[in-house]
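> So that you have it, the file is structure25.pdb, and it contains PDB, C-alpha atoms, pLDDT in the B column:
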```
ATOM      1  CA  MET A   1     139.666  48.681 111.197  1.00 80.00           C
ATOM      2  CA  ASN A   2     139.787  46.893 107.860  1.00 85.00           C
ATOM      3  CA  THR A   3     142.650  44.811 106.440  1.00 87.00           C
ATOM      4  CA  PHE A   4     144.069  47.662 104.344  1.00 90.00           C
ATOM      5  CA  GLN A   5     144.357  49.970 107.361  1.00 91.00           C
ATOM      6  CA  MET A   6     145.898  47.202 109.472  1.00 91.00           C
ATOM      7  CA  LYS A   7     148.463  46.405 106.777  1.00 91.00           C
ATOM      8  CA  LYS A   8     149.395  50.077 106.649  1.00 92.00           C
ATOM      9  CA  LEU A   9     149.717  50.227 110.461  1.00 91.00           C
ATOM     10  CA  LEU A  10     151.877  47.093 110.595  1.00 91.00           C
ATOM     11  CA  LYS A  11     154.166  48.299 107.815  1.00 92.00           C
ATOM     12  CA  ASN A  12     154.676  51.700 109.487  1.00 91.00           C
ATOM     13  CA  ILE A  13     155.343  50.453 113.019  1.00 91.00           C
ATOM     14  CA  LYS A  14     159.027  50.052 113.921  1.00 91.00           C
ATOM     15  CA  ASP A  15     160.490  46.739 115.096  1.00 89.00           C
ATOM     16  CA  GLU A  16     161.380  48.081 118.536  1.00 92.00           C
ATOM     17  CA  ARG A  17     157.711  49.039 119.047  1.00 92.00           C
ATOM     18  CA  ILE A  18     156.567  45.390 118.790  1.00 93.00           C
ATOM     19  CA  LYS A  19     156.658  43.927 122.312  1.00 93.00           C
ATOM     20  CA  ILE A  20     156.307  40.376 123.603  1.00 94.00           C
ATOM     21  CA  SER A  21     156.711  39.166 127.175  1.00 94.00           C
ATOM     22  CA  SER A  22     158.737  36.090 128.093  1.00 95.00           C
ATOM     23  CA  LYS A  23     155.611  34.351 129.417  1.00 96.00           C
ATOM     24  CA  ILE A  24     153.769  34.854 126.118  1.00 94.00           C
ATOM     25  CA  ARG A  25     156.879  33.832 124.136  1.00 94.00           C
ATOM     26  CA  PHE A  26     157.055  30.571 126.114  1.00 95.00           C
ATOM     27  CA  LYS A  27     153.347  29.910 125.578  1.00 94.00           C
ATOM     28  CA  ILE A  28     153.502  30.512 121.820  1.00 93.00           C
ATOM     29  CA  GLU A  29     156.637  28.443 121.237  1.00 94.00           C
ATOM     30  CA  ASN A  30     156.109  25.524 123.624  1.00 95.00           C
ATOM     31  CA  ILE A  31     152.345  25.128 123.950  1.00 93.00           C
ATOM     32  CA  HIS A  32     151.115  26.267 120.525  1.00 92.00           C
ATOM     33  CA  GLY A  33     154.224  25.128 118.626  1.00 92.00           C
ATOM     34  CA  VAL A  34     154.688  28.330 116.599  1.00 93.00           C
ATOM     35  CA  LYS A  35     158.093  29.967 116.135  1.00 94.00           C
ATOM     36  CA  ILE A  36     158.309  33.585 117.297  1.00 94.00           C
ATOM     37  CA  GLU A  37     160.321  34.420 114.183  1.00 93.00           C
ATOM     38  CA  ASP A  38     157.355  33.371 112.008  1.00 93.00           C
ATOM     39  CA  VAL A  39     154.976  35.564 113.989  1.00 93.00           C
ATOM     40  CA  LEU A  40     157.285  38.581 113.830  1.00 93.00           C
ATOM     41  CA  LYS A  41     157.972  38.010 110.126  1.00 94.00           C
ATOM     42  CA  ASN A  42     154.244  38.072 109.369  1.00 93.00           C
ATOM     43  CA  LEU A  43     153.728  41.185 111.486  1.00 92.00           C
ATOM     44  CA  ARG A  44     156.597  43.035 109.792  1.00 92.00           C
ATOM     45  CA  ASN A  45     155.528  42.011 106.290  1.00 91.00           C
ATOM     46  CA  PRO A  46     151.703  41.744 106.380  1.00 91.00           C
ATOM     47  CA  ASP A  47     151.162  40.815 102.711  1.00 91.00           C
ATOM     48  CA  SER A  48     149.521  37.507 103.681  1.00 92.00           C
ATOM     49  CA  LEU A  49     147.026  39.185 106.066  1.00 92.00           C
ATOM     50  CA  ILE A  50     143.529  38.095 105.033  1.00 92.00           C
ATOM     51  CA  SER A  51     141.300  39.029 107.952  1.00 89.00           C
ATOM     52  CA  VAL A  52     141.119  41.503 110.852  1.00 92.00           C
ATOM     53  CA  ASP A  53     138.649  41.126 113.698  1.00 90.00           C
ATOM     54  CA  GLU A  54     138.365  43.763 116.425  1.00 91.00           C
ATOM     55  CA  GLN A  55     137.950  42.292 119.895  1.00 90.00           C
ATOM     56  CA  PRO A  56     137.030  43.866 123.238  1.00 90.00           C
ATOM     57  CA  SER A  57     140.017  45.339 125.051  1.00 87.00           C
ATOM     58  CA  ARG A  58     140.654  45.853 128.739  1.00 87.00           C
ATOM     59  CA  ARG A  59     141.473  49.563 128.686  1.00 89.00           C
ATOM     60  CA  PRO A  60     139.694  52.397 126.861  1.00 89.00           C
ATOM     61  CA  HIS A  61     142.731  53.569 124.842  1.00 89.00           C
ATOM     62  CA  ASP A  62     143.773  50.079 123.766  1.00 92.00           C
ATOM     63  CA  LYS A  63     142.612  48.317 120.616  1.00 93.00           C
ATOM     64  CA  THR A  64     142.742  44.519 120.439  1.00 94.00           C
ATOM     65  CA  TYR A  65     142.668  42.755 117.082  1.00 94.00           C
ATOM     66  CA  GLY A  66     142.615  39.183 115.885  1.00 93.00           C
ATOM     67  CA  LEU A  67     144.732  38.890 112.747  1.00 93.00           C
ATOM     68  CA  VAL A  68     144.593  35.941 110.352  1.00 92.00           C
ATOM     69  CA  PHE A  69     147.569  35.313 108.081  1.00 93.00           C
ATOM     70  CA  GLU A  70     147.338  32.735 105.304  1.00 92.00           C
ATOM     71  CA  ILE A  71     150.602  30.786 105.361  1.00 91.00           C
ATOM     72  CA  THR A  72     149.568  28.132 102.840  1.00 89.00           C
ATOM     73  CA  LYS A  73     146.245  27.239 101.242  1.00 88.00           C
ATOM     74  CA  ARG A  74     145.380  24.989 104.181  1.00 88.00           C
ATOM     75  CA  LYS A  75     147.337  26.501 107.055  1.00 91.00           C
ATOM     76  CA  ARG A  76     146.621  29.836 108.743  1.00 92.00           C
ATOM     77  CA  LEU A  77     148.322  31.745 111.519  1.00 93.00           C
ATOM     78  CA  PHE A  78     146.049  33.494 114.008  1.00 93.00           C
ATOM     79  CA  VAL A  79     147.698  36.292 115.984  1.00 94.00           C
ATOM     80  CA  VAL A  80     146.025  38.414 118.663  1.00 94.00           C
ATOM     81  CA  VAL A  81     147.655  41.811 119.207  1.00 95.00           C
ATOM     82  CA  THR A  82     146.874  44.812 121.377  1.00 94.00           C
ATOM     83  CA  TYR A  83     147.708  48.236 119.977  1.00 93.00           C
ATOM     84  CA  LYS A  84     148.275  50.818 122.713  1.00 92.00           C
ATOM     85  CA  THR A  85     147.410  54.085 120.998  1.00 88.00           C
ATOM     86  CA  LEU A  86     148.896  56.371 123.654  1.00 90.00           C
ATOM     87  CA  LYS A  87     152.295  54.651 123.636  1.00 91.00           C
ATOM     88  CA  ASN A  88     152.204  53.694 119.930  1.00 90.00           C
ATOM     89  CA  LYS A  89     153.260  50.124 120.783  1.00 93.00           C
ATOM     90  CA  LEU A  90     152.018  46.761 119.565  1.00 94.00           C
ATOM     91  CA  TYR A  91     151.855  43.936 122.113  1.00 94.00           C
ATOM     92  CA  ILE A  92     151.507  40.318 121.027  1.00 95.00           C
ATOM     93  CA  VAL A  93     148.889  38.540 123.139  1.00 94.00           C
ATOM     94  CA  THR A  94     148.915  35.068 121.572  1.00 94.00           C
ATOM     95  CA  ALA A  95     149.512  33.243 118.317  1.00 94.00           C
ATOM     96  CA  PHE A  96     148.566  29.796 117.054  1.00 93.00           C
ATOM     97  CA  THR A  97     148.107  27.945 113.790  1.00 92.00           C
ATOM     98  CA  THR A  98     144.877  26.522 112.494  1.00 88.00           C
ATOM     99  CA  THR A  99     143.831  24.565 109.424  1.00 83.00           C
ATOM    100  CA  LYS A 100     140.788  24.750 107.184  1.00 74.00           C
ATOM    101  CA  LYS A 101     139.805  21.264 108.328  1.00 73.00           C
ATOM    102  CA  MET A 102     139.798  22.457 111.943  1.00 73.00           C
ATOM    103  CA  GLU A 103     137.767  25.548 111.054  1.00 73.00           C
ATOM    104  CA  LYS A 104     135.112  23.403 109.382  1.00 71.00           C
ATOM    105  CA  LEU A 105     134.818  21.306 112.529  1.00 69.00           C
ATOM    106  CA  ILE A 106     134.456  24.401 114.709  1.00 68.00           C
ATOM    107  CA  LYS A 107     131.819  26.125 112.564  1.00 69.00           C
ATOM    108  CA  LYS A 108     128.233  25.467 113.469  1.00 63.00           C
ATOM    109  CA  PRO A 109     126.556  22.963 111.174  1.00 65.00           C
ATOM    110  CA  LYS A 110     123.595  24.133 109.150  1.00 64.00           C
ATOM    111  CA  ILE A 111     120.334  22.735 110.382  1.00 66.00           C
ATOM    112  CA  ARG A 112     117.943  21.417 107.740  1.00 63.00           C
ATOM    113  CA  TYR A 113     114.249  21.154 108.341  1.00 63.00           C
TER     114      TYR A 113
END
```
Written as structure tokens, how would this file's structure read?

Amino acid sequence: MNTFQMKKLLKNIKDERIKISSKIRFKIENIHGVKIEDVLKNLRNPDSLISVDEQPSRRPHDKTYGLVFEITKRKRLFVVVTYKTLKNKLYIVTAFTTTKKMEKLIKKPKIRY
């Protein structure tokens, strides 16, 4: 699924169809330091969505995606969601912020010969 299709899906899904468990809410807010309101705001209004990456899911009818939202020029919000196609519900798996500086450190350095 590309970014245009994901934006369309996120805009069409109703607020009561976006689910988050209390365990995941605690993890996002206390461990990763991201407000749930910010995550839900970006999911409801996906204009800042810049990247979609499909990931392996546990069940055959589920689709798991890694979504990258650009909050500022240096700060990005990474949200992993699972879309259950049979129930038409979107479950938040995790969310955390990252910076461009961090991404450069994580990327593999180019080897020169």
> If you apply the PyMOL selection byres ((chain A and resi 5-10) around 8) to this file, what residues do you get, as an mmCIF file with C-alpha atoms, in the frame of the given file?

```cif
data_model
loop_
_atom_site.group_PDB
_atom_site.id
_atom_site.type_symbol
_atom_site.label_atom_id
_atom_site.label_comp_id
_atom_site.auth_asym_id
_atom_site.auth_seq_id
_atom_site.Cartn_x
_atom_site.Cartn_y
_atom_site.Cartn_z
ATOM 1 C CA MET A 1 139.666 48.681 111.197
ATOM 2 C CA ASN A 2 139.787 46.893 107.860
ATOM 3 C CA THR A 3 142.650 44.811 106.440
ATOM 4 C CA PHE A 4 144.069 47.662 104.344
ATOM 5 C CA LYS A 11 154.166 48.299 107.815
ATOM 6 C CA ASN A 12 154.676 51.700 109.487
ATOM 7 C CA ILE A 13 155.343 50.453 113.019
ATOM 8 C CA LEU A 43 153.728 41.185 111.486
ATOM 9 C CA ARG A 44 156.597 43.035 109.792
ATOM 10 C CA ASN A 45 155.528 42.011 106.290
ATOM 11 C CA PRO A 46 151.703 41.744 106.380
ATOM 12 C CA ASP A 47 151.162 40.815 102.711
ATOM 13 C CA LEU A 49 147.026 39.185 106.066
ATOM 14 C CA VAL A 52 141.119 41.503 110.852
#
```
> Taking 5 positions as the minimum chain separation for residues in the same chain, which residues sit within 10 Å of A:His32 when counting only C-alpha atoms? Answer as a list in words.
Phe26, Lys27, Thr94, Ala95, Phe96 and Thr97 of chain A
> Once the PyMOL selection byres ((chain A and resi 74) around 6) is applied to the coordinates I shared, what remains selected? I want it as a ChimeraX atom specification.
/A:72-73,75,99-100
> Kindly resolve the PyMOL selection byres ((chain A and resi 66) around 6) on the present coordinates and return the residues as a PyMOL selection string.
chain A and resi 52-53+65+67+79-80
> Please measure the separation of atom CA of A:Asp15 and atom CA of A:Thr85, giving the value in Å to one decimal.
16.1 Å
> What's the 9 Å shell around A:Ile71, counting only C-alpha atoms, without same-chain residues fewer than 5 positions away, as a ChimeraX atom specification?
/A:48,76-77
> Go ahead and fit an axis-aligned box to every listed atom of stretch 26-43 of chain A plus 3 Å each side, and pass me the centre and edge lengths in Å, one decimal, as JSON.

```
{"center_x": 155.7, "center_y": 33.2, "center_z": 117.7, "size_x": 15.2, "size_y": 22.1, "size_z": 22.7}
```
> Enter the distance from atom CA of A:Lys84 to atom CA of A:Asp62, in Å, rounded to one decimal.
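Going from atom CA of A:Lys84 over to atom CA of A:Asp62, I get 4.7 Å.
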> Which is closest to A:Leu90 among A:Met102, A:Ile28, A:Val34, A:Leu40, if we use all atoms listed in the file?
A:Leu40
> From the set A:Thr64, A:Gln55, A:Phe69, A:Lys41, which residue has the shortest atom-to-atom contact distance to A:Tyr91, counting all atoms listed in the file?
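Once distances to A:Tyr91 are computed over all atoms listed in the file, the minimum belongs to A:Thr64.
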> Could you tell me how far atom CA of A:Pro60 sits from atom CA of A:Ile36, in Å to one decimal place?
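Computing the Euclidean distance for atom CA of A:Ile36 and atom CA of A:Pro60 yields 28.1 Å.
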> In terms of the shortest atom-to-atom distance over all atoms listed in the file, which of A:Leu86, A:Val68, A:Ile31, A:Val81 is closest to A:Lys19?
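Counting all atoms listed in the file, the residue closest to A:Lys19 is A:Val81.
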